[in-house]
$ cat input_17.csv   # CSV, C-alpha atoms
chain,number,residue,atom,x,y,z
A,193,GLY,CA,-54.8,37.9,-7.9
A,194,LEU,CA,-54.7,35.3,-5.1
A,195,VAL,CA,-57.0,32.3,-5.7
A,196,ALA,CA,-56.2,30.0,-2.8
A,197,ASN,CA,-53.9,29.7,0.1
A,198,ALA,CA,-53.5,27.8,3.4
A,199,PRO,CA,-56.3,28.9,5.7
A,200,HIS,CA,-54.5,28.9,9.0
A,201,ILE,CA,-52.3,32.0,8.7
A,202,PRO,CA,-54.5,35.0,7.7
A,203,VAL,CA,-51.5,37.3,7.4
A,204,HIS,CA,-50.5,35.6,4.2
A,205,LEU,CA,-53.8,36.4,2.5
A,206,GLY,CA,-52.3,39.7,1.4
A,207,ALA,CA,-48.6,39.1,1.9
A,208,MET,CA,-48.3,36.1,-0.5
A,209,GLN,CA,-50.2,37.9,-3.2
A,210,GLU,CA,-48.0,41.0,-2.9
A,211,ALA,CA,-44.8,38.9,-2.9
A,212,VAL,CA,-45.7,37.2,-6.2
A,213,LYS,CA,-46.8,40.5,-7.8
A,214,PHE,CA,-43.5,42.1,-6.9
A,215,GLN,CA,-41.5,39.3,-8.5
A,216,CYS,CA,-43.5,39.8,-11.7
A,217,ARG,CA,-42.8,43.5,-11.7
A,218,TYR,CA,-39.1,43.1,-10.9
A,219,TRP,CA,-38.2,40.5,-13.4
A,220,ASN,CA,-40.1,42.1,-16.2
A,221,ASP,CA,-38.8,45.6,-15.5
A,222,ASP,CA,-37.1,47.4,-18.4
A,223,VAL,CA,-33.9,47.7,-16.3
A,224,VAL,CA,-33.7,44.1,-15.2
A,225,GLY,CA,-35.1,42.9,-18.5
A,226,GLU,CA,-34.3,39.2,-17.8
A,227,GLY,CA,-37.9,38.1,-17.6
A,228,ILE,CA,-39.2,34.8,-16.1
A,229,GLN,CA,-38.4,31.7,-18.2
A,230,PRO,CA,-39.4,28.0,-18.0
A,231,GLY,CA,-37.2,26.4,-15.4
A,232,ASP,CA,-36.9,29.5,-13.2
A,233,VAL,CA,-37.8,29.5,-9.5
A,234,LEU,CA,-37.8,32.8,-7.7
A,235,VAL,CA,-37.0,33.5,-4.0
A,236,SER,CA,-37.5,36.5,-1.8
A,237,ASN,CA,-38.0,37.5,1.8
A,238,HIS,CA,-37.7,41.3,2.0
A,239,PRO,CA,-40.7,42.7,4.1
A,240,GLN,CA,-40.4,46.3,3.1
A,241,LEU,CA,-39.7,46.0,-0.7
A,242,ALA,CA,-40.9,42.6,-1.9
A,243,GLY,CA,-44.1,41.6,-0.1
A,244,GLY,CA,-42.5,39.7,2.8
A,245,SER,CA,-43.7,39.3,6.3
A,246,HIS,CA,-40.5,39.0,8.3
A,247,LEU,CA,-37.1,37.9,7.2
A,248,PRO,CA,-37.2,34.2,8.4
A,249,ASP,CA,-40.3,33.7,6.2
A,250,ILE,CA,-38.7,32.9,2.8
A,251,THR,CA,-41.0,32.8,-0.2
A,252,VAL,CA,-40.3,30.5,-3.2
A,253,VAL,CA,-42.3,31.4,-6.3
A,254,THR,CA,-42.6,29.2,-9.4
A,255,PRO,CA,-44.3,30.1,-12.6
A,256,VAL,CA,-46.7,27.6,-14.2
A,257,PHE,CA,-46.3,27.5,-18.0
A,258,GLY,CA,-48.5,25.6,-20.4
A,259,SER,CA,-47.5,22.0,-20.7
A,260,SER,CA,-47.8,21.8,-24.4
A,261,GLY,CA,-48.9,23.5,-27.6
A,262,SER,CA,-49.1,27.2,-28.2
A,263,ASN,CA,-49.2,28.1,-24.5
A,264,ASN,CA,-46.0,26.3,-23.4
A,265,LYS,CA,-44.1,29.7,-23.3
A,266,GLU,CA,-46.9,31.6,-21.6
A,267,ILE,CA,-47.2,31.9,-17.8
A,268,LEU,CA,-50.7,30.7,-16.9
A,269,PHE,CA,-50.4,30.6,-13.1
A,270,PHE,CA,-48.0,31.0,-10.2
A,271,VAL,CA,-47.6,28.7,-7.2
A,272,ALA,CA,-45.7,29.8,-4.1
A,273,SER,CA,-44.7,28.4,-0.8
A,274,ARG,CA,-43.5,30.4,2.3
A,275,GLY,CA,-41.5,28.6,4.9
A,276,HIS,CA,-40.3,29.9,8.2
A,277,HIS,CA,-36.6,29.2,8.4
A,278,ALA,CA,-35.1,28.5,11.9
A,279,ASP,CA,-32.2,30.9,11.3
A,280,ILE,CA,-31.0,33.2,8.5
A,281,GLY,CA,-28.3,35.1,10.4
A,282,GLY,CA,-28.6,38.3,12.3
A,283,ILE,CA,-27.5,39.3,15.8
A,284,ALA,CA,-29.3,36.5,17.6
A,285,PRO,CA,-30.1,32.8,17.0
A,286,GLY,CA,-33.5,32.4,15.4
A,287,SER,CA,-33.2,35.7,13.5
A,288,MET,CA,-35.9,37.4,15.5
A,289,PRO,CA,-33.8,39.4,18.0
A,290,PRO,CA,-36.1,41.3,20.5
A,291,HIS,CA,-33.9,44.3,20.6
A,292,SER,CA,-33.1,44.8,16.9
A,293,LYS,CA,-33.2,48.3,15.5
A,294,THR,CA,-32.5,47.7,11.8
A,295,LEU,CA,-33.6,45.0,9.4
A,296,SER,CA,-30.1,43.9,8.7
A,297,GLU,CA,-29.8,42.9,12.4
A,298,GLU,CA,-32.4,40.2,11.8
A,299,GLY,CA,-30.6,38.4,9.0
A,300,ALA,CA,-30.3,37.9,5.3
A,301,MET,CA,-32.4,40.2,3.1
A,302,ILE,CA,-33.4,38.9,-0.4
A,303,VAL,CA,-35.3,41.2,-2.7
A,304,ALA,CA,-35.3,39.0,-5.8
A,305,PHE,CA,-33.1,36.1,-6.8
A,306,LYS,CA,-33.4,33.1,-9.2
A,307,LEU,CA,-33.0,30.2,-6.8
A,308,VAL,CA,-33.4,27.9,-9.8
A,309,LYS,CA,-32.4,29.1,-13.3
A,310,GLN,CA,-33.1,27.0,-16.4
A,311,GLY,CA,-33.7,24.1,-14.2
A,312,GLN,CA,-30.4,24.4,-12.2
A,313,PHE,CA,-30.5,25.0,-8.4
A,314,ASP,CA,-28.0,27.9,-7.8
A,315,THR,CA,-26.4,26.5,-4.6
A,316,GLU,CA,-23.5,28.9,-4.9
A,317,GLY,CA,-25.7,32.0,-5.3
A,318,ILE,CA,-28.1,31.2,-2.4
A,319,THR,CA,-25.2,30.2,-0.2
A,320,GLU,CA,-23.7,33.6,-0.6
A,321,LEU,CA,-27.0,35.3,0.2
A,322,LEU,CA,-27.4,33.1,3.4
A,323,LYS,CA,-23.7,33.0,4.3
A,324,ASP,CA,-24.4,34.3,7.8
A,325,SER,CA,-26.9,31.7,8.7
A,326,ARG,CA,-26.1,29.5,11.7
A,327,ASN,CA,-27.4,26.4,10.0
A,328,LEU,CA,-26.9,26.8,6.2
A,329,PRO,CA,-27.4,23.1,5.4
A,330,ASP,CA,-30.9,23.2,6.9
A,331,ASN,CA,-31.7,26.4,4.9
A,332,LEU,CA,-30.7,24.7,1.7
A,333,SER,CA,-32.6,21.5,2.4
A,334,ASP,CA,-35.7,23.6,3.3
A,335,LEU,CA,-35.5,25.6,0.2
A,336,ARG,CA,-35.2,22.5,-1.9
A,337,ALA,CA,-38.3,21.2,-0.1
A,338,GLN,CA,-40.2,24.4,-1.0
A,339,VAL,CA,-39.1,24.0,-4.7
A,340,ALA,CA,-40.4,20.5,-4.6
A,341,ALA,CA,-43.7,21.5,-3.0
A,342,ASN,CA,-44.2,24.1,-5.8
A,343,HIS,CA,-43.4,21.4,-8.4
A,344,ALA,CA,-46.1,19.2,-6.9
A,345,GLY,CA,-48.5,22.0,-7.1
A,346,ILE,CA,-47.6,22.6,-10.8
A,347,GLY,CA,-48.3,18.9,-11.5
A,348,LEU,CA,-51.7,19.1,-9.9
A,349,LEU,CA,-52.6,22.3,-11.9
A,350,HIS,CA,-51.5,20.6,-15.2
A,351,GLN,CA,-53.8,17.6,-14.3
A,352,LEU,CA,-56.7,20.0,-13.7
A,353,VAL,CA,-56.1,21.7,-17.1
A,354,GLU,CA,-55.8,18.4,-18.9
A,355,GLU,CA,-59.0,17.0,-17.3
A,356,TYR,CA,-61.2,20.2,-17.6
A,357,SER,CA,-59.4,22.5,-20.1
A,358,LEU,CA,-57.6,25.7,-19.4
A,359,GLU,CA,-60.6,27.8,-20.0
A,360,THR,CA,-62.7,26.0,-17.5
A,361,VAL,CA,-60.0,26.1,-14.8
A,362,GLN,CA,-59.5,29.8,-15.3
A,363,ARG,CA,-63.2,30.4,-15.2
A,364,TYR,CA,-63.6,28.5,-11.9
A,365,MET,CA,-60.7,30.4,-10.4
A,366,ALA,CA,-62.6,33.6,-11.2
A,367,TYR,CA,-65.7,32.0,-9.6
A,368,ILE,CA,-63.7,31.3,-6.4
A,369,GLN,CA,-62.5,34.9,-6.2
A,370,ASP,CA,-66.1,36.2,-6.9
A,371,ASN,CA,-67.5,34.0,-4.2
A,372,ALA,CA,-64.8,35.1,-1.7
A,373,GLU,CA,-65.8,38.8,-2.4
A,374,GLN,CA,-69.5,38.1,-1.9
A,375,ALA,CA,-68.7,36.2,1.3
A,376,VAL,CA,-66.8,39.2,2.7
A,377,ARG,CA,-69.5,41.6,1.6
A,378,SER,CA,-72.2,39.4,3.3
A,379,LEU,CA,-70.1,39.3,6.5
A,380,LEU,CA,-69.8,43.1,6.5
A,381,LYS,CA,-73.5,43.6,6.0
A,382,ASP,CA,-74.3,41.2,8.8
A,383,PHE,CA,-71.8,42.9,11.1
A,384,ARG,CA,-73.4,46.2,10.4
A,385,LYS,CA,-76.9,44.9,11.2
A,386,ARG,CA,-75.7,43.3,14.4
A,387,HIS,CA,-73.9,46.4,15.7
A,388,GLY,CA,-76.6,48.8,14.5
A,389,SER,CA,-74.1,51.5,13.6
A,390,ASP,CA,-72.2,52.6,10.5
A,391,ILE,CA,-69.0,53.3,12.5
A,392,VAL,CA,-67.0,51.1,14.8
A,393,ILE,CA,-64.1,52.5,16.8
A,394,ALA,CA,-61.3,50.6,18.6
A,395,ARG,CA,-58.2,51.7,20.4
A,396,ASP,CA,-55.3,49.7,21.8
A,397,ALA,CA,-51.6,50.3,22.6
A,398,MET,CA,-48.3,48.5,22.1
A,399,ASP,CA,-46.1,47.6,25.1
A,400,ASP,CA,-44.1,50.8,24.5
A,401,GLY,CA,-47.3,52.9,24.6
A,402,SER,CA,-47.6,53.5,20.9
A,403,PRO,CA,-51.3,53.9,20.1
A,404,ILE,CA,-53.2,51.8,17.7
A,405,CYS,CA,-56.4,53.5,16.5
A,406,LEU,CA,-58.9,52.1,14.1
A,407,LYS,CA,-62.1,53.5,12.8
A,408,ILE,CA,-64.2,51.3,10.5
A,409,THR,CA,-66.9,52.9,8.4
A,410,LEU,CA,-69.4,50.4,7.1
A,411,SER,CA,-71.9,50.4,4.2
A,412,GLU,CA,-74.7,48.0,4.7
A,413,GLU,CA,-76.0,48.6,1.3
A,414,GLU,CA,-72.8,47.8,-0.6
A,415,GLY,CA,-71.2,45.5,2.0
A,416,THR,CA,-68.0,47.6,2.1
A,417,ALA,CA,-65.8,48.9,4.9
A,418,VAL,CA,-63.2,51.7,5.1
A,419,PHE,CA,-60.4,51.1,7.6
A,420,ASP,CA,-59.0,54.4,9.0
A,421,PHE,CA,-55.9,54.2,11.1
A,422,THR,CA,-55.6,57.9,11.7
A,423,GLY,CA,-54.1,58.5,15.2
A,424,THR,CA,-52.0,55.3,15.2
A,425,GLY,CA,-48.5,55.9,16.3
A,426,ALA,CA,-45.6,56.3,13.9
A,427,GLN,CA,-43.2,53.4,13.2
A,428,VAL,CA,-40.9,52.6,16.0
A,429,LEU,CA,-37.2,51.9,16.3
A,430,ALA,CA,-37.8,48.2,17.0
A,431,ASN,CA,-38.8,45.0,15.2
A,432,HIS,CA,-42.6,45.1,15.6
A,433,ASN,CA,-43.6,47.5,12.8
A,434,ALA,CA,-46.1,46.1,10.2
A,435,PRO,CA,-44.6,45.9,6.7
A,436,PRO,CA,-46.8,46.9,3.7
A,437,ALA,CA,-48.0,43.5,2.7
A,438,VAL,CA,-48.9,42.6,6.3
A,439,THR,CA,-50.9,45.8,6.6
A,440,TYR,CA,-52.6,45.0,3.3
A,441,SER,CA,-53.6,41.6,4.8
A,442,ALA,CA,-55.1,43.2,7.8
$ encode --input "input_17.csv" --output "C-alpha coordinates"
Amino acid sequence: GLVANAPHIPVHLGAMQEAVKFQCRYWNDDVVGEGIQPGDVLVSNHPQLAGGSHLPDITVVTPVFGSSGSNNKEILFFVASRGHHADIGGIAPGSMPPHSKTLSEEGAMIVAFKLVKQGQFDTEGITELLKDSRNLPDNLSDLRAQVAANHAGIGLLHQLVEEYSLETVQRYMAYIQDNAEQAVRSLLKDFRKRHGSDIVIARDAMDDGSPICLKITLSEEEGTAVFDFTGTGAQVLANHNAPPAVTYSA
(Lines of atoms letter the chains of each structure in order from A and count residues from 1; the text may use other names and numbers.)
(Lines give C-alpha, C1' and ligand atoms only; values in the text may rest on other atoms or scores of the structure.)
Protein backbone atom coordinates (compact mmCIF):
# COMPACT_ATOMS: atom_id res chain seq x y z
CA GLY A 1 0.00 0.00 0.00
CA LEU A 2 0.88 3.67 -0.28
CA VAL A 3 3.48 4.92 2.21
CA ALA A 4 4.09 8.53 1.16
CA ASN A 5 3.19 10.94 -1.61
CA ALA A 6 3.25 14.65 -2.37
CA PRO A 7 0.77 16.32 0.02
CA HIS A 8 -0.64 18.99 -2.28
CA ILE A 9 -2.90 16.94 -4.57
CA PRO A 10 -5.24 14.74 -2.49
CA VAL A 11 -6.67 12.98 -5.55
CA HIS A 12 -3.42 11.06 -5.95
CA LEU A 13 -3.73 9.50 -2.49
CA GLY A 14 -5.81 6.75 -4.00
CA ALA A 15 -5.02 7.07 -7.68
CA MET A 16 -1.25 6.57 -7.42
CA GLN A 17 -1.68 3.49 -5.26
CA GLU A 18 -4.17 1.96 -7.67
CA ALA A 19 -1.93 2.72 -10.65
CA VAL A 20 0.99 0.83 -9.10
CA LYS A 21 -1.20 -2.08 -8.03
CA PHE A 22 -2.59 -2.42 -11.55
CA GLN A 23 0.89 -2.61 -13.07
CA CYS A 24 1.84 -5.37 -10.61
CA ARG A 25 -1.25 -7.37 -11.56
CA TYR A 26 -0.83 -6.78 -15.28
CA TRP A 27 2.82 -7.72 -15.70
CA ASN A 28 2.55 -10.74 -13.41
CA ASP A 29 -0.61 -12.03 -15.05
CA ASP A 30 -0.48 -15.58 -16.39
CA VAL A 31 -1.38 -14.31 -19.88
CA VAL A 32 1.20 -11.52 -20.09
CA GLY A 33 3.69 -13.55 -18.09
CA GLU A 34 6.59 -11.17 -18.71
CA GLY A 35 7.00 -10.06 -15.12
CA ILE A 36 8.87 -7.00 -13.89
CA GLN A 37 12.65 -7.24 -14.14
CA PRO A 38 15.58 -5.08 -12.99
CA GLY A 39 16.01 -2.25 -15.47
CA ASP A 40 12.29 -2.02 -16.26
CA VAL A 41 10.30 1.21 -15.93
CA LEU A 42 6.54 1.10 -16.50
CA VAL A 43 4.25 3.80 -17.88
CA SER A 44 0.47 4.19 -17.91
CA ASN A 45 -2.26 6.82 -17.98
CA HIS A 46 -5.56 4.98 -18.54
CA PRO A 47 -8.16 6.31 -16.05
CA GLN A 48 -10.74 3.56 -16.41
CA LEU A 49 -8.53 0.47 -16.52
CA ALA A 50 -5.18 1.32 -14.94
CA GLY A 51 -5.63 3.66 -11.97
CA GLY A 52 -5.19 6.91 -13.88
CA SER A 53 -6.81 10.25 -13.13
CA HIS A 54 -7.13 11.79 -16.61
CA LEU A 55 -5.13 11.11 -19.76
CA PRO A 56 -2.65 14.02 -19.57
CA ASP A 57 -1.49 12.67 -16.18
CA ILE A 58 1.08 10.05 -17.19
CA THR A 59 2.39 7.82 -14.42
CA VAL A 60 5.88 6.36 -14.50
CA VAL A 61 6.50 3.45 -12.10
CA THR A 62 9.89 2.00 -11.22
CA PRO A 63 10.45 -1.13 -9.10
CA VAL A 64 13.07 -0.95 -6.37
CA PHE A 65 15.12 -4.12 -6.19
CA GLY A 66 17.61 -5.01 -3.50
CA SER A 67 21.01 -3.45 -4.17
CA SER A 68 23.05 -6.55 -3.35
CA GLY A 69 23.03 -10.00 -1.82
CA SER A 70 20.10 -12.39 -1.79
CA ASN A 71 17.44 -9.69 -2.37
CA ASN A 72 18.85 -8.18 -5.59
CA LYS A 73 16.17 -10.00 -7.62
CA GLU A 74 13.33 -9.19 -5.22
CA ILE A 75 11.11 -6.11 -5.56
CA LEU A 76 11.27 -4.35 -2.21
CA PHE A 77 9.41 -1.13 -3.01
CA PHE A 78 7.99 0.91 -5.87
CA VAL A 79 8.57 4.57 -6.63
CA ALA A 80 6.25 6.44 -8.98
CA SER A 81 5.92 9.90 -10.45
CA ARG A 82 2.89 11.37 -12.14
CA GLY A 83 3.35 14.29 -14.49
CA HIS A 84 0.71 16.38 -16.23
CA HIS A 85 1.75 16.57 -19.87
CA ALA A 86 0.79 19.68 -21.82
CA ASP A 87 -0.55 17.69 -24.77
CA ILE A 88 -0.94 14.01 -25.68
CA GLY A 89 -3.17 14.35 -28.75
CA GLY A 90 -6.95 14.38 -28.91
CA ILE A 91 -9.34 16.72 -30.63
CA ALA A 92 -8.09 19.92 -28.96
CA PRO A 93 -4.74 21.33 -27.83
CA GLY A 94 -4.11 20.55 -24.17
CA SER A 95 -5.87 17.17 -24.37
CA MET A 96 -8.73 18.31 -22.14
CA PRO A 97 -11.44 19.21 -24.71
CA PRO A 98 -14.54 20.56 -22.95
CA HIS A 99 -16.94 18.86 -25.37
CA SER A 100 -15.36 15.40 -25.61
CA LYS A 101 -17.72 12.45 -25.53
CA THR A 102 -15.24 9.55 -25.60
CA LEU A 103 -11.89 8.92 -23.95
CA SER A 104 -10.09 8.63 -27.29
CA GLU A 105 -11.04 12.26 -28.06
CA GLU A 106 -8.82 13.34 -25.17
CA GLY A 107 -5.63 11.74 -26.48
CA ALA A 108 -3.34 8.75 -26.17
CA MET A 109 -4.44 5.91 -23.89
CA ILE A 110 -1.72 3.76 -22.31
CA VAL A 111 -2.82 0.79 -20.20
CA ALA A 112 0.60 -0.75 -19.63
CA PHE A 113 3.92 -0.31 -21.42
CA LYS A 114 7.58 -0.77 -20.54
CA LEU A 115 9.01 2.69 -21.12
CA VAL A 116 12.42 1.33 -20.17
CA LYS A 117 13.24 -2.35 -20.67
CA GLN A 118 16.46 -3.86 -19.41
CA GLY A 119 17.82 -0.36 -18.94
CA GLN A 120 17.00 0.84 -22.48
CA PHE A 121 14.56 3.72 -23.04
CA ASP A 122 12.10 2.58 -25.74
CA THR A 123 11.91 5.77 -27.78
CA GLU A 124 10.34 4.05 -30.78
CA GLY A 125 7.62 2.35 -28.74
CA ILE A 126 6.55 5.38 -26.71
CA THR A 127 6.71 7.58 -29.83
CA GLU A 128 4.21 5.27 -31.51
CA LEU A 129 1.90 5.48 -28.49
CA LEU A 130 2.11 9.28 -28.39
CA LYS A 131 2.25 9.81 -32.16
CA ASP A 132 -0.72 12.21 -32.17
CA SER A 133 0.78 14.55 -29.59
CA ARG A 134 1.23 18.11 -30.79
CA ASN A 135 4.58 18.39 -29.02
CA LEU A 136 6.19 14.96 -28.91
CA PRO A 137 9.72 16.21 -28.05
CA ASP A 138 8.39 17.76 -24.84
CA ASN A 139 6.58 14.52 -23.97
CA LEU A 140 9.76 12.50 -24.40
CA SER A 141 11.81 14.98 -22.37
CA ASP A 142 9.22 15.02 -19.58
CA LEU A 143 9.06 11.23 -19.49
CA ARG A 144 12.85 11.02 -19.23
CA ALA A 145 12.64 13.52 -16.36
CA GLN A 146 10.09 11.30 -14.61
CA VAL A 147 12.36 8.28 -15.05
CA ALA A 148 15.22 10.32 -13.58
CA ALA A 149 13.09 11.44 -10.64
CA ASN A 150 12.24 7.82 -9.86
CA HIS A 151 15.91 6.89 -10.12
CA ALA A 152 16.75 9.57 -7.56
CA GLY A 153 14.08 8.15 -5.25
CA ILE A 154 15.54 4.66 -5.61
CA GLY A 155 18.97 5.98 -4.63
CA LEU A 156 17.54 7.56 -1.49
CA LEU A 157 15.72 4.35 -0.55
CA HIS A 158 18.92 2.34 -0.98
CA GLN A 159 20.71 4.84 1.27
CA LEU A 160 18.04 4.38 3.94
CA VAL A 161 18.32 0.60 3.77
CA GLU A 162 22.11 0.75 3.89
CA GLU A 163 22.06 3.05 6.92
CA TYR A 164 19.23 1.47 8.94
CA SER A 165 18.72 -2.04 7.44
CA LEU A 166 15.83 -3.28 5.29
CA GLU A 167 13.95 -4.64 8.29
CA THR A 168 14.00 -1.25 10.06
CA VAL A 169 12.94 0.69 6.96
CA GLN A 170 10.03 -1.67 6.29
CA ARG A 171 9.01 -1.56 9.94
CA TYR A 172 8.92 2.25 9.93
CA MET A 173 6.95 2.28 6.68
CA ALA A 174 4.35 0.18 8.47
CA TYR A 175 4.47 2.63 11.39
CA ILE A 176 3.75 5.50 8.97
CA GLN A 177 0.72 3.67 7.60
CA ASP A 178 -0.52 2.80 11.10
CA ASN A 179 -0.10 6.41 12.21
CA ALA A 180 -2.01 7.65 9.16
CA GLU A 181 -4.86 5.29 9.98
CA GLN A 182 -5.02 6.47 13.58
CA ALA A 183 -4.92 10.11 12.48
CA VAL A 184 -7.93 9.59 10.19
CA ARG A 185 -9.82 7.65 12.86
CA SER A 186 -9.17 10.48 15.35
CA LEU A 187 -10.37 13.05 12.82
CA LEU A 188 -13.61 11.11 12.25
CA LYS A 189 -14.22 10.75 15.99
CA ASP A 190 -13.66 14.48 16.48
CA PHE A 191 -15.95 15.29 13.54
CA ARG A 192 -18.68 13.12 15.06
CA LYS A 193 -18.37 14.88 18.42
CA ARG A 194 -18.48 18.37 16.92
CA HIS A 195 -21.53 17.66 14.75
CA GLY A 196 -23.41 15.65 17.37
CA SER A 197 -24.86 13.21 14.87
CA ASP A 198 -23.98 9.83 13.41
CA ILE A 199 -25.25 10.86 9.97
CA VAL A 200 -24.22 13.78 7.78
CA ILE A 201 -25.97 14.45 4.47
CA ALA A 202 -24.93 16.73 1.61
CA ARG A 203 -26.38 17.37 -1.83
CA ASP A 204 -25.03 19.30 -4.80
CA ALA A 205 -25.36 19.29 -8.57
CA MET A 206 -23.13 19.45 -11.64
CA ASP A 207 -23.56 22.26 -14.18
CA ASP A 208 -25.75 19.96 -16.29
CA GLY A 209 -28.03 19.29 -13.33
CA SER A 210 -26.72 15.82 -12.50
CA PRO A 211 -27.21 15.31 -8.75
CA ILE A 212 -24.39 14.52 -6.34
CA CYS A 213 -25.72 12.95 -3.14
CA LEU A 214 -23.63 11.88 -0.18
CA LYS A 215 -24.63 10.32 3.11
CA ILE A 216 -21.87 9.70 5.66
CA THR A 217 -22.56 7.36 8.56
CA LEU A 218 -20.04 7.82 11.37
CA SER A 219 -19.00 5.59 14.25
CA GLU A 220 -17.52 7.58 17.11
CA GLU A 221 -16.50 4.41 18.91
CA GLU A 222 -14.50 2.94 16.03
CA GLY A 223 -13.56 6.13 14.19
CA THR A 224 -15.00 4.89 10.91
CA ALA A 225 -17.22 6.34 8.21
CA VAL A 226 -19.38 4.80 5.50
CA PHE A 227 -19.78 6.97 2.39
CA ASP A 228 -23.04 6.31 0.55
CA PHE A 229 -23.52 7.97 -2.85
CA THR A 230 -27.01 6.54 -3.43
CA GLY A 231 -29.04 9.02 -5.47
CA THR A 232 -26.05 10.42 -7.34
CA GLY A 233 -26.62 10.74 -11.07
CA ALA A 234 -25.35 8.19 -13.57
CA GLN A 235 -22.22 8.81 -15.60
CA VAL A 236 -22.69 11.43 -18.28
CA LEU A 237 -21.69 11.61 -21.93
CA ALA A 238 -18.98 14.17 -21.19
CA ASN A 239 -15.50 14.44 -19.69
CA HIS A 240 -16.26 15.08 -16.01
CA ASN A 241 -17.00 11.57 -14.75
CA ALA A 242 -14.85 10.38 -11.86
CA PRO A 243 -12.77 7.30 -12.78
CA PRO A 244 -12.45 4.45 -10.26
CA ALA A 245 -9.13 5.48 -8.69
CA VAL A 246 -10.26 9.08 -8.22
CA THR A 247 -13.46 7.88 -6.57
CA TYR A 248 -11.33 5.69 -4.31
CA SER A 249 -9.26 8.77 -3.37
CA ALA A 250 -12.39 10.65 -2.39
$ residues_around --input "input_17.csv" --residues "Ser411 in chain A" --least-positions-apart "5" --cutoff "9 Å" --atoms "only C-alpha atoms" --output "PDB file with C-alpha atoms, in the frame of the given file"
ATOM      1  CA  LEU A 380     -69.800  43.100   6.500  1.00  0.00           C
ATOM      2  CA  LYS A 381     -73.500  43.600   6.000  1.00  0.00           C
ATOM      3  CA  ARG A 384     -73.400  46.200  10.400  1.00  0.00           C
ATOM      4  CA  ASP A 390     -72.200  52.600  10.500  1.00  0.00           C
ATOM      5  CA  THR A 416     -68.000  47.600   2.100  1.00  0.00           C
ATOM      6  CA  ALA A 417     -65.800  48.900   4.900  1.00  0.00           C
ATOM      7  CA  VAL A 418     -63.200  51.700   5.100  1.00  0.00           C
TER       8      VAL A 418
END
$ atom_distance --input "input_17.csv" --atom1 "CA of Ser441 in chain A" --atom2 "CA of Val339 in chain A"
24.7 Å
$ closest_residue --input "input_17.csv" --among "A:Gly275, A:Gly286, A:Gly193, A:Gly299" --to "Leu332 in chain A" --atoms "all atoms listed in the file"
A:Gly275
$ closest_residue --input "input_17.csv" --among "A:Ile267, A:Val203, A:Leu352, A:Cys216" --to "Ala304 in chain A" --atoms "all atoms listed in the file"
A:Cys216
$ closest_residue --input "input_17.csv" --among "A:Ile302, A:Leu194, A:Ile404, A:Gln240" --to "Asp370 in chain A" --atoms "all atoms listed in the file"
A:Leu194
$ residues_near_point --input "input_17.csv" --point "(-29.0, 41.9, 9.9)" --cutoff "10 Å" --atoms "all atoms listed in the file" --output "number ranges by chain"
A: 247, 280-284, 287-289, 292-301, 324
$ write_last_selection --input "input_17.csv" --atoms "C-alpha atoms" --output "tab-separated table (two decimals), in the frame of the given file"
chain	number	residue	atom	x	y	z
A	247	LEU	CA	-37.10	37.90	7.20
A	280	ILE	CA	-31.00	33.20	8.50
A	281	GLY	CA	-28.30	35.10	10.40
A	282	GLY	CA	-28.60	38.30	12.30
A	283	ILE	CA	-27.50	39.30	15.80
A	284	ALA	CA	-29.30	36.50	17.60
A	287	SER	CA	-33.20	35.70	13.50
A	288	MET	CA	-35.90	37.40	15.50
A	289	PRO	CA	-33.80	39.40	18.00
A	292	SER	CA	-33.10	44.80	16.90
A	293	LYS	CA	-33.20	48.30	15.50
A	294	THR	CA	-32.50	47.70	11.80
A	295	LEU	CA	-33.60	45.00	9.40
A	296	SER	CA	-30.10	43.90	8.70
A	297	GLU	CA	-29.80	42.90	12.40
A	298	GLU	CA	-32.40	40.20	11.80
A	299	GLY	CA	-30.60	38.40	9.00
A	300	ALA	CA	-30.30	37.90	5.30
A	301	MET	CA	-32.40	40.20	3.10
A	324	ASP	CA	-24.40	34.30	7.80
$ atom_distance --input "input_17.csv" --atom1 "CA of Thr254 in chain A" --atom2 "CA of Phe214 in chain A"
13.2 Å
$ closest_residue --input "input_17.csv" --among "A:Arg326, A:Lys265, A:His246, A:His204" --to "Pro285 in chain A" --atoms "all atoms listed in the file"
A:Arg326
$ closest_residue --input "input_17.csv" --among "A:Gln427, A:Thr409, A:Gln215, A:Ser236" --to "Leu321 in chain A" --atoms "all atoms listed in the file"
A:Ser236
$ atom_distance --input "input_17.csv" --atom1 "CA of Glu266 in chain A" --atom2 "CA of Asn342 in chain A"
17.7 Å
$ closest_residue --input "input_17.csv" --among "A:Val361, A:Val303, A:Ala278, A:Val223" --to "Leu348 in chain A" --atoms "all atoms listed in the file"
A:Val361
